[in-house]
$ cat upload25.cif   # mmCIF, C-alpha atoms and all ligand atoms
data_target
#
loop_
_atom_site.label_atom_id
_atom_site.label_comp_id
_atom_site.auth_asym_id
_atom_site.auth_seq_id
_atom_site.Cartn_x
_atom_site.Cartn_y
_atom_site.Cartn_z
CA MET E 1 111.39 -188.40 46.52
CA ALA E 2 112.10 -188.14 50.22
CA ALA E 3 112.24 -184.56 51.49
CA ILE E 4 114.78 -185.50 54.15
CA GLU E 5 116.97 -188.55 54.31
CA LEU E 6 119.54 -189.29 57.00
CA ARG E 7 121.62 -192.44 56.73
CA GLY E 8 123.67 -193.62 59.68
CA VAL E 9 124.26 -190.09 60.93
CA THR E 10 126.39 -189.87 64.05
CA LYS E 11 127.62 -186.73 65.77
CA GLN E 12 130.13 -187.10 68.51
CA TYR E 13 131.22 -184.25 70.81
CA GLY E 14 134.13 -185.74 72.73
CA GLU E 15 132.56 -188.30 75.01
CA VAL E 16 129.01 -187.23 74.17
CA THR E 17 127.21 -188.94 71.30
CA ALA E 18 124.64 -186.31 70.41
CA VAL E 19 123.25 -188.36 67.49
CA ASP E 20 123.84 -192.08 67.19
CA GLU E 21 123.70 -193.79 63.76
CA LEU E 22 120.42 -192.13 62.91
CA ASP E 23 118.40 -193.31 59.92
CA LEU E 24 115.42 -191.09 59.23
CA THR E 25 113.27 -190.45 56.20
CA VAL E 26 110.69 -187.71 55.86
CA GLU E 27 108.51 -188.16 52.82
CA SER E 28 107.62 -185.30 50.57
CA GLY E 29 104.32 -183.69 51.63
CA GLU E 30 104.44 -184.88 55.23
CA ILE E 31 104.20 -182.91 58.44
CA TYR E 32 106.75 -184.70 60.57
CA GLY E 33 107.08 -183.98 64.28
CA PHE E 34 110.55 -184.55 65.67
CA LEU E 35 110.08 -185.10 69.37
CA GLY E 36 112.36 -185.67 72.29
CA PRO E 37 113.36 -184.29 75.67
CA ASN E 38 116.11 -181.70 76.14
CA GLY E 39 119.44 -182.99 74.94
CA ALA E 40 117.95 -185.83 72.85
CA GLY E 41 119.78 -184.70 69.71
CA LYS E 42 117.06 -182.85 67.80
CA SER E 43 118.95 -179.61 67.19
CA THR E 44 122.12 -181.49 66.35
CA THR E 45 120.20 -183.45 63.69
CA ILE E 46 118.71 -180.25 62.29
CA ASN E 47 122.11 -178.55 62.26
CA VAL E 48 123.52 -181.49 60.31
CA LEU E 49 120.71 -181.10 57.77
CA LEU E 50 121.46 -177.40 57.46
CA ASP E 51 125.18 -178.15 57.00
CA LEU E 52 125.94 -176.05 60.08
CA ILE E 53 127.79 -178.93 61.69
CA THR E 54 129.62 -181.81 60.07
CA PRO E 55 128.55 -185.28 61.19
CA THR E 56 131.18 -187.63 62.53
CA ALA E 57 129.73 -190.37 60.28
CA GLY E 58 126.88 -190.93 57.87
CA ASP E 59 125.35 -188.84 55.14
CA ALA E 60 122.17 -186.98 54.44
CA SER E 61 120.19 -185.37 51.69
CA VAL E 62 117.52 -182.69 51.64
CA LEU E 63 115.07 -182.51 48.72
CA GLY E 64 117.33 -184.95 46.91
CA TYR E 65 120.44 -182.77 47.27
CA ASP E 66 123.46 -183.96 49.20
CA ILE E 67 123.94 -181.72 52.24
CA HIS E 68 127.69 -181.25 51.67
CA GLU E 69 127.75 -181.05 47.90
CA GLU E 70 124.76 -178.85 47.22
CA PRO E 71 124.05 -176.71 50.28
CA THR E 72 123.11 -173.70 48.14
CA ALA E 73 120.48 -175.60 46.17
CA ILE E 74 119.05 -176.72 49.51
CA ARG E 75 119.11 -173.25 51.06
CA GLU E 76 117.23 -171.80 48.09
CA ARG E 77 114.40 -174.29 48.52
CA ILE E 78 113.90 -174.45 52.26
CA GLY E 79 112.68 -172.14 55.01
CA VAL E 80 114.20 -172.46 58.46
CA VAL E 81 113.29 -171.35 61.95
CA PRO E 82 116.56 -172.07 63.74
CA GLU E 83 117.01 -172.62 67.45
CA GLY E 84 117.63 -169.16 68.91
CA TYR E 85 117.19 -166.88 65.92
CA ASP E 86 119.76 -164.03 65.76
CA ILE E 87 118.20 -160.69 65.00
CA TYR E 88 119.72 -157.39 64.02
CA ASN E 89 118.59 -155.21 66.92
CA ARG E 90 118.34 -151.94 65.00
CA LEU E 91 116.62 -153.32 61.89
CA SER E 92 112.84 -153.31 61.80
CA GLY E 93 110.88 -156.51 61.37
CA ARG E 94 109.94 -155.42 57.86
CA LYS E 95 113.60 -154.85 56.93
CA HIS E 96 114.46 -158.34 58.18
CA ILE E 97 111.79 -159.79 55.93
CA GLN E 98 112.80 -157.57 53.00
CA PHE E 99 116.40 -158.68 53.43
CA ALA E 100 115.32 -162.35 53.28
CA ILE E 101 113.20 -161.63 50.19
CA ASP E 102 116.14 -159.94 48.46
CA SER E 103 118.64 -162.64 49.34
CA LYS E 104 116.32 -165.38 48.11
CA GLY E 105 115.37 -163.41 45.00
CA ALA E 106 111.72 -163.91 46.00
CA ALA E 107 108.75 -161.73 45.12
CA ASP E 108 106.83 -161.76 48.41
CA ASP E 109 105.16 -158.71 49.86
CA PRO E 110 106.79 -158.07 53.26
CA ASP E 111 103.58 -156.63 54.70
CA GLU E 112 101.63 -159.70 53.74
CA LEU E 113 104.17 -161.92 55.51
CA LEU E 114 104.21 -159.67 58.58
CA SER E 115 100.46 -159.90 58.71
CA ARG E 116 100.50 -163.69 58.33
CA VAL E 117 102.69 -164.04 61.39
CA GLY E 118 100.74 -161.45 63.39
CA LEU E 119 103.29 -158.64 63.31
CA ASP E 120 101.30 -156.13 61.24
CA ASP E 121 101.53 -153.43 63.90
CA ALA E 122 105.14 -154.07 64.83
CA GLY E 123 106.71 -154.19 61.36
CA ASP E 124 108.28 -150.74 61.65
CA ARG E 125 109.72 -151.21 65.12
CA PRO E 126 113.36 -152.22 65.64
CA ALA E 127 113.40 -155.99 66.15
CA GLY E 128 115.73 -155.53 69.13
CA GLY E 129 112.67 -154.42 71.10
CA TYR E 130 110.58 -157.46 70.19
CA SER E 131 109.47 -159.91 72.84
CA LYS E 132 110.60 -163.53 72.63
CA GLY E 133 107.32 -164.56 71.01
CA MET E 134 107.48 -161.69 68.52
CA THR E 135 111.03 -162.66 67.58
CA GLN E 136 109.82 -166.19 67.00
CA ARG E 137 106.99 -164.87 64.80
CA LEU E 138 109.53 -162.84 62.84
CA ALA E 139 111.71 -165.93 62.38
CA LEU E 140 108.69 -167.78 60.99
CA GLY E 141 107.89 -164.90 58.64
CA ILE E 142 111.43 -165.10 57.31
CA ALA E 143 111.17 -168.87 56.91
CA LEU E 144 108.03 -168.43 54.79
CA VAL E 145 109.78 -166.18 52.26
CA GLY E 146 109.79 -167.66 48.76
CA SER E 147 107.15 -170.34 49.51
CA PRO E 148 109.75 -173.00 50.36
CA GLU E 149 109.32 -176.66 49.41
CA LEU E 150 110.42 -177.68 52.90
CA LEU E 151 110.13 -175.94 56.26
CA ILE E 152 112.56 -176.98 58.98
CA LEU E 153 111.45 -175.58 62.30
CA ASP E 154 113.49 -176.06 65.46
CA GLU E 155 111.21 -175.65 68.48
CA PRO E 156 109.10 -173.06 66.62
CA THR E 157 106.63 -172.52 69.45
CA THR E 158 109.29 -171.43 71.95
CA GLY E 159 108.22 -168.20 73.60
CA LEU E 160 104.77 -168.22 72.02
CA ASP E 161 101.64 -167.84 74.10
CA PRO E 162 98.81 -170.36 73.50
CA ASN E 163 97.31 -168.13 70.79
CA GLY E 164 100.67 -167.79 69.12
CA ALA E 165 101.21 -171.56 69.24
CA GLN E 166 97.77 -172.08 67.71
CA GLU E 167 98.52 -169.57 64.94
CA MET E 168 101.81 -171.32 64.30
CA ARG E 169 99.97 -174.61 63.87
CA GLU E 170 97.52 -172.99 61.46
CA ILE E 171 100.38 -171.63 59.38
CA ILE E 172 102.04 -175.04 59.36
CA ARG E 173 98.81 -176.61 58.12
CA ALA E 174 98.31 -173.94 55.45
CA GLU E 175 101.91 -174.33 54.25
CA ASN E 176 101.43 -178.07 54.05
CA GLU E 177 98.22 -177.64 52.05
CA ARG E 178 100.15 -175.39 49.68
CA GLY E 179 102.45 -178.37 49.13
CA ALA E 180 105.30 -177.80 51.57
CA THR E 181 106.81 -180.59 53.63
CA VAL E 182 107.19 -179.61 57.28
CA PHE E 183 109.77 -181.00 59.70
CA PHE E 184 109.55 -179.57 63.16
CA SER E 185 111.11 -180.38 66.44
CA SER E 186 109.58 -179.98 69.84
CA HIS E 187 109.90 -181.38 73.32
CA ILE E 188 106.18 -180.84 73.85
CA LEU E 189 104.00 -183.61 72.51
CA GLU E 190 100.82 -181.58 72.29
CA GLN E 191 102.49 -179.10 69.97
CA VAL E 192 103.01 -181.76 67.34
CA GLU E 193 100.02 -183.95 68.13
CA ALA E 194 97.56 -181.52 66.60
CA VAL E 195 99.25 -181.14 63.22
CA CYS E 196 101.62 -184.00 62.50
CA ASP E 197 101.07 -186.87 60.11
CA ARG E 198 103.93 -188.76 61.69
CA VAL E 199 106.19 -188.36 64.68
CA GLY E 200 109.64 -189.61 65.48
CA ILE E 201 110.70 -189.73 69.12
CA MET E 202 114.37 -189.20 69.91
CA ARG E 203 116.12 -190.23 73.08
CA GLU E 204 119.84 -189.98 73.71
CA GLY E 205 120.62 -189.57 70.02
CA GLU E 206 118.50 -192.49 68.86
CA LEU E 207 115.09 -192.73 67.26
CA VAL E 208 113.20 -194.82 69.84
CA ALA E 209 109.78 -194.71 68.17
CA GLN E 210 108.31 -193.61 64.90
CA ASP E 211 104.68 -193.78 63.98
CA THR E 212 101.58 -191.84 63.05
CA ILE E 213 99.70 -190.25 65.93
CA GLY E 214 96.98 -192.83 65.17
CA GLY E 215 99.55 -195.63 65.40
CA LEU E 216 100.76 -194.34 68.74
CA ARG E 217 97.16 -194.19 69.92
CA ASP E 218 96.65 -197.80 68.84
CA GLN E 219 99.58 -198.81 71.01
CA LEU E 220 97.86 -197.05 73.90
CA GLY E 221 94.60 -198.82 73.21
CA THR E 222 96.28 -202.09 74.03
CA GLN E 223 97.56 -200.99 77.41
CA THR E 224 95.78 -200.27 80.66
CA THR E 225 96.82 -199.49 84.19
CA LEU E 226 94.80 -201.27 86.88
CA VAL E 227 94.93 -199.96 90.43
CA PHE E 228 93.70 -202.15 93.30
CA GLN E 229 93.26 -201.14 96.90
CA LEU E 230 93.59 -204.31 98.99
CA SER E 231 92.92 -204.93 102.68
CA ASP E 232 96.38 -206.43 102.79
CA VAL E 233 98.98 -207.68 100.30
CA PRO E 234 99.68 -211.40 100.70
CA ALA E 235 103.24 -212.64 100.28
CA GLY E 236 103.96 -213.79 96.75
CA LEU E 237 101.16 -211.75 95.14
CA GLU E 238 103.58 -209.53 93.24
CA ALA E 239 105.29 -212.55 91.69
CA THR E 240 101.99 -214.29 90.92
CA VAL E 241 100.61 -211.24 89.11
CA SER E 242 103.91 -210.61 87.30
CA ASP E 243 103.69 -214.13 85.86
CA ILE E 244 100.36 -213.48 84.13
CA GLY E 245 100.81 -213.23 80.36
CA GLY E 246 100.44 -209.64 79.14
CA VAL E 247 101.45 -208.05 82.43
CA GLU E 248 104.18 -205.50 81.90
CA SER E 249 104.78 -204.21 85.41
CA VAL E 250 103.55 -204.59 88.95
CA ALA E 251 104.14 -202.01 91.66
CA ILE E 252 103.13 -202.27 95.30
CA ASP E 253 102.78 -199.23 97.52
CA GLY E 254 101.43 -200.07 100.98
CA THR E 255 98.16 -201.88 100.34
CA GLN E 256 97.86 -200.54 96.79
CA ILE E 257 98.90 -202.62 93.82
CA THR E 258 99.29 -201.04 90.39
CA VAL E 259 99.44 -203.32 87.37
CA LYS E 260 100.26 -202.29 83.81
CA ALA E 261 98.95 -204.84 81.37
CA THR E 262 97.63 -205.31 77.86
CA ASP E 263 93.87 -205.06 77.47
CA ASP E 264 93.62 -208.83 76.89
CA ALA E 265 95.20 -209.56 80.25
CA LYS E 266 92.82 -207.36 82.22
CA GLY E 267 90.38 -210.16 83.10
CA ASP E 268 93.14 -212.53 84.22
CA VAL E 269 94.70 -209.86 86.43
CA LEU E 270 91.38 -209.06 88.03
CA SER E 271 90.44 -212.70 88.75
CA THR E 272 93.94 -213.60 90.01
CA ILE E 273 94.00 -210.71 92.45
CA GLN E 274 90.46 -211.44 93.65
CA GLU E 275 91.47 -215.03 94.21
CA HIS E 276 94.49 -214.15 96.35
CA ALA E 277 93.44 -211.03 98.18
CA SER E 278 90.48 -209.03 99.39
CA VAL E 279 89.87 -206.11 97.01
CA GLU E 280 88.50 -202.95 98.67
CA ASP E 281 88.62 -200.73 95.64
CA PHE E 282 89.53 -201.04 91.99
CA SER E 283 90.02 -198.57 89.13
CA THR E 284 91.57 -198.46 85.68
CA GLU E 285 93.54 -195.64 84.17
CA GLU E 286 93.89 -195.06 80.46
CA GLN E 287 97.37 -194.15 79.39
CA SER E 288 97.59 -190.77 77.69
CA LEU E 289 99.70 -190.01 74.66
CA GLU E 290 101.73 -187.76 76.95
CA GLU E 291 102.50 -190.71 79.23
CA LEU E 292 103.52 -192.81 76.27
CA PHE E 293 105.89 -190.05 75.23
CA VAL E 294 107.33 -189.90 78.74
CA GLU E 295 107.72 -193.65 78.73
CA TYR E 296 109.60 -193.62 75.43
CA THR E 297 111.84 -190.81 76.48
CA SER E 298 112.64 -191.75 80.06
CA GLU E 299 112.94 -195.52 80.16
CA ALA E 300 115.40 -197.92 78.58
CA PRO E 301 115.79 -197.24 74.84
CA GLN E 302 113.49 -199.25 72.63
CA THR E 303 113.97 -200.17 69.02
CA ALA E 304 112.19 -198.04 66.44
N1 LIG G 401 128.58 -177.88 70.54
C1 LIG G 401 128.41 -178.87 71.41
N2 LIG G 401 129.45 -179.30 72.17
C2 LIG G 401 129.31 -180.31 73.06
N3 LIG G 401 128.15 -180.99 73.25
C3 LIG G 401 127.09 -180.62 72.53
C4 LIG G 401 127.16 -179.55 71.58
N4 LIG G 401 125.94 -179.43 70.98
C5 LIG G 401 125.15 -180.36 71.55
N5 LIG G 401 125.84 -181.08 72.47
C6 LIG G 401 125.30 -182.18 73.28
O1 LIG G 401 124.64 -183.07 72.42
C7 LIG G 401 123.45 -183.58 73.01
C8 LIG G 401 122.27 -183.28 72.10
O2 LIG G 401 122.01 -181.88 72.09
P1 LIG G 401 120.90 -181.21 71.17
O3 LIG G 401 121.03 -179.73 71.34
O4 LIG G 401 120.98 -181.76 69.81
O5 LIG G 401 119.55 -181.72 71.86
P2 LIG G 401 118.06 -181.25 71.63
O6 LIG G 401 117.27 -182.49 71.49
O7 LIG G 401 117.97 -180.26 70.54
O8 LIG G 401 117.72 -180.56 73.01
P3 LIG G 401 116.81 -179.25 73.34
O9 LIG G 401 115.38 -179.70 73.31
O10 LIG G 401 117.27 -178.93 74.73
O11 LIG G 401 117.14 -178.20 72.35
C9 LIG G 401 123.38 -182.94 74.39
O12 LIG G 401 123.94 -183.85 75.32
C10 LIG G 401 124.24 -181.71 74.26
O13 LIG G 401 124.81 -181.36 75.50
#
$ encode --input "upload25.cif" --output "structure tokens"
Amino acid sequence: MAAIELRGVTKQYGEVTAVDELDLTVESGEIYGFLGPNGAGKSTTINVLLDLITPTAGDASVLGYDIHEEPTAIRERIGVVPEGYDIYNRLSGRKHIQFAIDSKGAADDPDELLSRVGLDDAGDRPAGGYSKGMTQRLALGIALVGSPELLILDEPTTGLDPNGAQEMREIIRAENERGATVFFSSHILEQVEAVCDRVGIMREGELVAQDTIGGLRDQLGTQTTLVFQLSDVPAGLEATVSDIGGVESVAIDGTQITVKATDDAKGDVLSTIQEHASVEDFSTEEQSLEELFVEYTSEAPQTA
């Protein structure tokens, strides 16, 4: 059974299409990273799943339950770190957790949960005095109540320092090993890279790529950037190089020519340029996963 299934989900806000006919399946047991730049539609998608907003079109299910028909069954089985968690200023962290335990009818020990999220010493303090990172830790502690089957985390590392982000990743891994499916959104690739089985990249409401981190890396393996420093750039060189099979782009800046090409085309590019111009310097640059992410999220939409 899929843990999350969205079918043709669209959310329109006036002129703005926040989510555009989105089909997305998260399999049970996966850690799925939901990536995309600000405004890509990640929170809107999550809010649809949580039945906090009604989609303009499409339908969705969580743990096999329809989001409109059985929201209570869903709420009982999931843990959520929402975007911008609302706290009760005067209530202590422990009381927040106790409240979540009581409302879920769970049997957790609040102190154990506080300790898991690194709030052991702050449990008695009013949550209104917590820092951003501490509030985020508290939100995670609440999400963990009742050992949920599915964790939905909207930008869970917001406000966390590097140690906090690392601890968050360890908790995500441990929860997954316990059997939970994890769906978490982020606009920072490295946050999901370390823990995710699969990532989906959103851009302008559409899923523009979906793959394992390994799969994304394989795509990188086939692409290289070649940078040539020439003594001068002869007329027609740009067109000649662009015509080579496997060349994706050619950019000329003064006497420098930068060519993006598949690995197979590397030799042809090199020999063609040497044939037409005098090469003073030459280097290759590997594309990083970060660059691939930027490419997917800033250029023309591609098909998933
Ligand atoms: N209540 C709303 N009314 C009008 N437009 C909205 C509303 N909520 C979201 N949008 C728009 O929908 C688009 C998607 O927003 P969304 O918050 O889902 O993006 P996101 O990927 O979560 O971004 P971020 O990383 O900044 O949280 C944006 O253009 C946003 O301005």
$ axis_aligned_box --input "upload25.cif" --around "ligand LIG 401 (chain G)" --padding-each-side "8 Å" --output "AutoDock Vina command-line options"
--center_x 122.4 --center_y -180.9 --center_z 72.7 --size_x 30.1 --size_y 22.0 --size_z 21.7
$ residues_around --input "upload25.cif" --residues "segment 91-95 of chain E" --least-positions-apart "3" --cutoff "6 Å" --atoms "all atoms listed in the file" --output "NGL selection string"
:E and (88 or 98-99 or 123-127)
$ residues_around --input "upload25.cif" --residues "segment 107-111 of chain E" --least-positions-apart "6" --cutoff "7 Å" --atoms "only C-alpha atoms" --output "mmCIF file with C-alpha atoms, in the coordinates of the input"
data_model
loop_
_atom_site.group_PDB
_atom_site.id
_atom_site.type_symbol
_atom_site.label_atom_id
_atom_site.label_comp_id
_atom_site.auth_asym_id
_atom_site.auth_seq_id
_atom_site.Cartn_x
_atom_site.Cartn_y
_atom_site.Cartn_z
ATOM 1 C CA ARG E 94 109.940 -155.420 57.860
ATOM 2 C CA ILE E 97 111.790 -159.790 55.930
ATOM 3 C CA GLN E 98 112.800 -157.570 53.000
ATOM 4 C CA ILE E 101 113.200 -161.630 50.190
ATOM 5 C CA ASP E 120 101.300 -156.130 61.240
ATOM 6 C CA VAL E 145 109.780 -166.180 52.260
ATOM 7 C CA GLY E 146 109.790 -167.660 48.760
#
$ closest_residue --input "upload25.cif" --among "E:Ala18, E:Leu230, E:Met1, E:Ile213" --to "Asp253 of chain E" --atoms "all atoms listed in the file"
E:Leu230
$ residues_around --input "upload25.cif" --residues "Phe183 of chain E" --least-positions-apart "5" --cutoff "8 Å" --atoms "all atoms listed in the file" --output "PyMOL selection string"
chain E and resi 26+30-34+150-153
$ write_last_selection --input "upload25.cif" --atoms "C-alpha atoms" --output "short mmCIF file (atom, residue, chain, number, x, y, z; two decimals), in the coordinates of the input"
data_model
loop_
_atom_site.label_atom_id
_atom_site.label_comp_id
_atom_site.auth_asym_id
_atom_site.auth_seq_id
_atom_site.Cartn_x
_atom_site.Cartn_y
_atom_site.Cartn_z
CA VAL E 26 110.69 -187.71 55.86
CA GLU E 30 104.44 -184.88 55.23
CA ILE E 31 104.20 -182.91 58.44
CA TYR E 32 106.75 -184.70 60.57
CA GLY E 33 107.08 -183.98 64.28
CA PHE E 34 110.55 -184.55 65.67
CA LEU E 150 110.42 -177.68 52.90
CA LEU E 151 110.13 -175.94 56.26
CA ILE E 152 112.56 -176.98 58.98
CA LEU E 153 111.45 -175.58 62.30
#
$ residues_near_ligand --input "upload25.cif" --ligand "ligand LIG 401 (chain G)" --cutoff "10 Å" --atoms "only C-alpha atoms and all ligand atoms" --output "PyMOL selection string"
chain E and resi 11-19+34-48+53+83-84+154-155+185-188+202-205
$ atom_distance --input "upload25.cif" --atom1 "atom CA of Leu289 of chain E" --atom2 "atom CA of Ile4 of chain E"
25.9 Å
$ atom_distance --input "upload25.cif" --atom1 "atom CA of Gly105 of chain E" --atom2 "atom CA of Glu76 of chain E"
9.1 Å
$ atom_distance --input "upload25.cif" --atom1 "atom CA of Leu189 of chain E" --atom2 "atom CA of Gln166 of chain E"
14.0 Å
$ closest_residue --input "upload25.cif" --among "E:Ser103, E:Gln274, E:Thr255, E:Thr158" --to "Phe184 of chain E" --atoms "all atoms listed in the file"
E:Thr158
$ closest_residue --input "upload25.cif" --among "E:Ser131, E:Thr212, E:Thr224, E:Ser28" --to "Ala180 of chain E" --atoms "all atoms listed in the file"
E:Ser28
$ residues_around --input "upload25.cif" --residues "Met168 of chain E" --least-positions-apart "6" --cutoff "12 Å" --atoms "only C-alpha atoms" --output "short mmCIF file (atom, residue, chain, number, x, y, z; two decimals) with C-alpha atoms, in the coordinates of the input"
data_model
loop_
_atom_site.label_atom_id
_atom_site.label_comp_id
_atom_site.auth_asym_id
_atom_site.auth_seq_id
_atom_site.Cartn_x
_atom_site.Cartn_y
_atom_site.Cartn_z
CA VAL E 81 113.29 -171.35 61.95
CA ARG E 116 100.50 -163.69 58.33
CA VAL E 117 102.69 -164.04 61.39
CA GLY E 118 100.74 -161.45 63.39
CA GLY E 133 107.32 -164.56 71.01
CA MET E 134 107.48 -161.69 68.52
CA GLN E 136 109.82 -166.19 67.00
CA ARG E 137 106.99 -164.87 64.80
CA LEU E 138 109.53 -162.84 62.84
CA ALA E 139 111.71 -165.93 62.38
CA LEU E 140 108.69 -167.78 60.99
CA GLY E 141 107.89 -164.90 58.64
CA LEU E 144 108.03 -168.43 54.79
CA LEU E 153 111.45 -175.58 62.30
CA GLU E 155 111.21 -175.65 68.48
CA PRO E 156 109.10 -173.06 66.62
CA THR E 157 106.63 -172.52 69.45
CA THR E 158 109.29 -171.43 71.95
CA GLY E 159 108.22 -168.20 73.60
CA LEU E 160 104.77 -168.22 72.02
CA ASP E 161 101.64 -167.84 74.10
CA PRO E 162 98.81 -170.36 73.50
CA ALA E 174 98.31 -173.94 55.45
CA GLU E 175 101.91 -174.33 54.25
CA PHE E 184 109.55 -179.57 63.16
CA GLN E 191 102.49 -179.10 69.97
CA VAL E 192 103.01 -181.76 67.34
CA ALA E 194 97.56 -181.52 66.60
CA VAL E 195 99.25 -181.14 63.22
#
$ closest_residue --input "upload25.cif" --among "E:Thr181, E:Gln210, E:Thr225, E:Thr240" --to "His276 of chain E" --atoms "all atoms listed in the file"
E:Thr240
$ build_atoms --input "upload25.cif" --residues "segment 44-63 of chain E" --atoms "N, CA and C atoms" --output "PDB file, in the frame of the given file"
ATOM      1  N   THR E  44     120.913-180.999  67.017  1.00  0.00           N
ATOM      2  CA  THR E  44     122.120-181.490  66.350  1.00  0.00           C
ATOM      3  C   THR E  44     121.732-182.067  64.990  1.00  0.00           C
ATOM      4  N   THR E  45     120.663-182.858  64.952  1.00  0.00           N
ATOM      5  CA  THR E  45     120.200-183.450  63.690  1.00  0.00           C
ATOM      6  C   THR E  45     119.848-182.341  62.697  1.00  0.00           C
ATOM      7  N   ILE E  46     119.120-181.350  63.177  1.00  0.00           N
ATOM      8  CA  ILE E  46     118.710-180.250  62.290  1.00  0.00           C
ATOM      9  C   ILE E  46     119.949-179.489  61.797  1.00  0.00           C
ATOM     10  N   ASN E  47     120.898-179.264  62.679  1.00  0.00           N
ATOM     11  CA  ASN E  47     122.110-178.550  62.260  1.00  0.00           C
ATOM     12  C   ASN E  47     122.935-179.335  61.257  1.00  0.00           C
ATOM     13  N   VAL E  48     122.855-180.653  61.334  1.00  0.00           N
ATOM     14  CA  VAL E  48     123.520-181.490  60.310  1.00  0.00           C
ATOM     15  C   VAL E  48     122.818-181.266  58.971  1.00  0.00           C
ATOM     16  N   LEU E  49     121.486-181.278  59.005  1.00  0.00           N
ATOM     17  CA  LEU E  49     120.710-181.100  57.770  1.00  0.00           C
ATOM     18  C   LEU E  49     121.001-179.745  57.126  1.00  0.00           C
ATOM     19  N   LEU E  50     121.226-178.751  57.972  1.00  0.00           N
ATOM     20  CA  LEU E  50     121.460-177.400  57.460  1.00  0.00           C
ATOM     21  C   LEU E  50     122.935-177.163  57.139  1.00  0.00           C
ATOM     22  N   ASP E  51     123.736-178.221  57.263  1.00  0.00           N
ATOM     23  CA  ASP E  51     125.180-178.150  57.000  1.00  0.00           C
ATOM     24  C   ASP E  51     125.870-177.149  57.930  1.00  0.00           C
ATOM     25  N   LEU E  52     125.314-176.968  59.122  1.00  0.00           N
ATOM     26  CA  LEU E  52     125.940-176.050  60.080  1.00  0.00           C
ATOM     27  C   LEU E  52     126.965-176.804  60.929  1.00  0.00           C
ATOM     28  N   ILE E  53     126.768-178.106  61.057  1.00  0.00           N
ATOM     29  CA  ILE E  53     127.790-178.930  61.690  1.00  0.00           C
ATOM     30  C   ILE E  53     128.034-180.159  60.824  1.00  0.00           C
ATOM     31  N   THR E  54     129.259-180.649  60.891  1.00  0.00           N
ATOM     32  CA  THR E  54     129.620-181.810  60.070  1.00  0.00           C
ATOM     33  C   THR E  54     129.455-183.068  60.904  1.00  0.00           C
ATOM     34  N   PRO E  55     128.706-184.047  60.390  1.00  0.00           N
ATOM     35  CA  PRO E  55     128.550-185.280  61.190  1.00  0.00           C
ATOM     36  C   PRO E  55     129.870-186.052  61.275  1.00  0.00           C
ATOM     37  N   THR E  56     130.009-186.787  62.348  1.00  0.00           N
ATOM     38  CA  THR E  56     131.180-187.630  62.530  1.00  0.00           C
ATOM     39  C   THR E  56     131.128-188.789  61.533  1.00  0.00           C
ATOM     40  N   ALA E  57     129.912-189.282  61.253  1.00  0.00           N
ATOM     41  CA  ALA E  57     129.730-190.370  60.280  1.00  0.00           C
ATOM     42  C   ALA E  57     128.343-190.249  59.660  1.00  0.00           C
ATOM     43  N   GLY E  58     128.183-190.898  58.527  1.00  0.00           N
ATOM     44  CA  GLY E  58     126.880-190.930  57.870  1.00  0.00           C
ATOM     45  C   GLY E  58     126.714-189.833  56.841  1.00  0.00           C
ATOM     46  N   ASP E  59     125.625-189.900  56.102  1.00  0.00           N
ATOM     47  CA  ASP E  59     125.350-188.840  55.140  1.00  0.00           C
ATOM     48  C   ASP E  59     123.863-188.525  55.095  1.00  0.00           C
ATOM     49  N   ALA E  60     123.561-187.426  54.448  1.00  0.00           N
ATOM     50  CA  ALA E  60     122.170-186.980  54.440  1.00  0.00           C
ATOM     51  C   ALA E  60     121.873-186.177  53.191  1.00  0.00           C
ATOM     52  N   SER E  61     120.605-186.208  52.805  1.00  0.00           N
ATOM     53  CA  SER E  61     120.190-185.370  51.690  1.00  0.00           C
ATOM     54  C   SER E  61     118.886-184.666  52.048  1.00  0.00           C
ATOM     55  N   VAL E  62     118.719-183.501  51.443  1.00  0.00           N
ATOM     56  CA  VAL E  62     117.520-182.690  51.640  1.00  0.00           C
ATOM     57  C   VAL E  62     116.976-182.369  50.258  1.00  0.00           C
ATOM     58  N   LEU E  63     115.727-182.700  50.024  1.00  0.00           N
ATOM     59  CA  LEU E  63     115.070-182.510  48.720  1.00  0.00           C
ATOM     60  C   LEU E  63     115.893-183.138  47.596  1.00  0.00           C
TER      61      LEU E  63
END
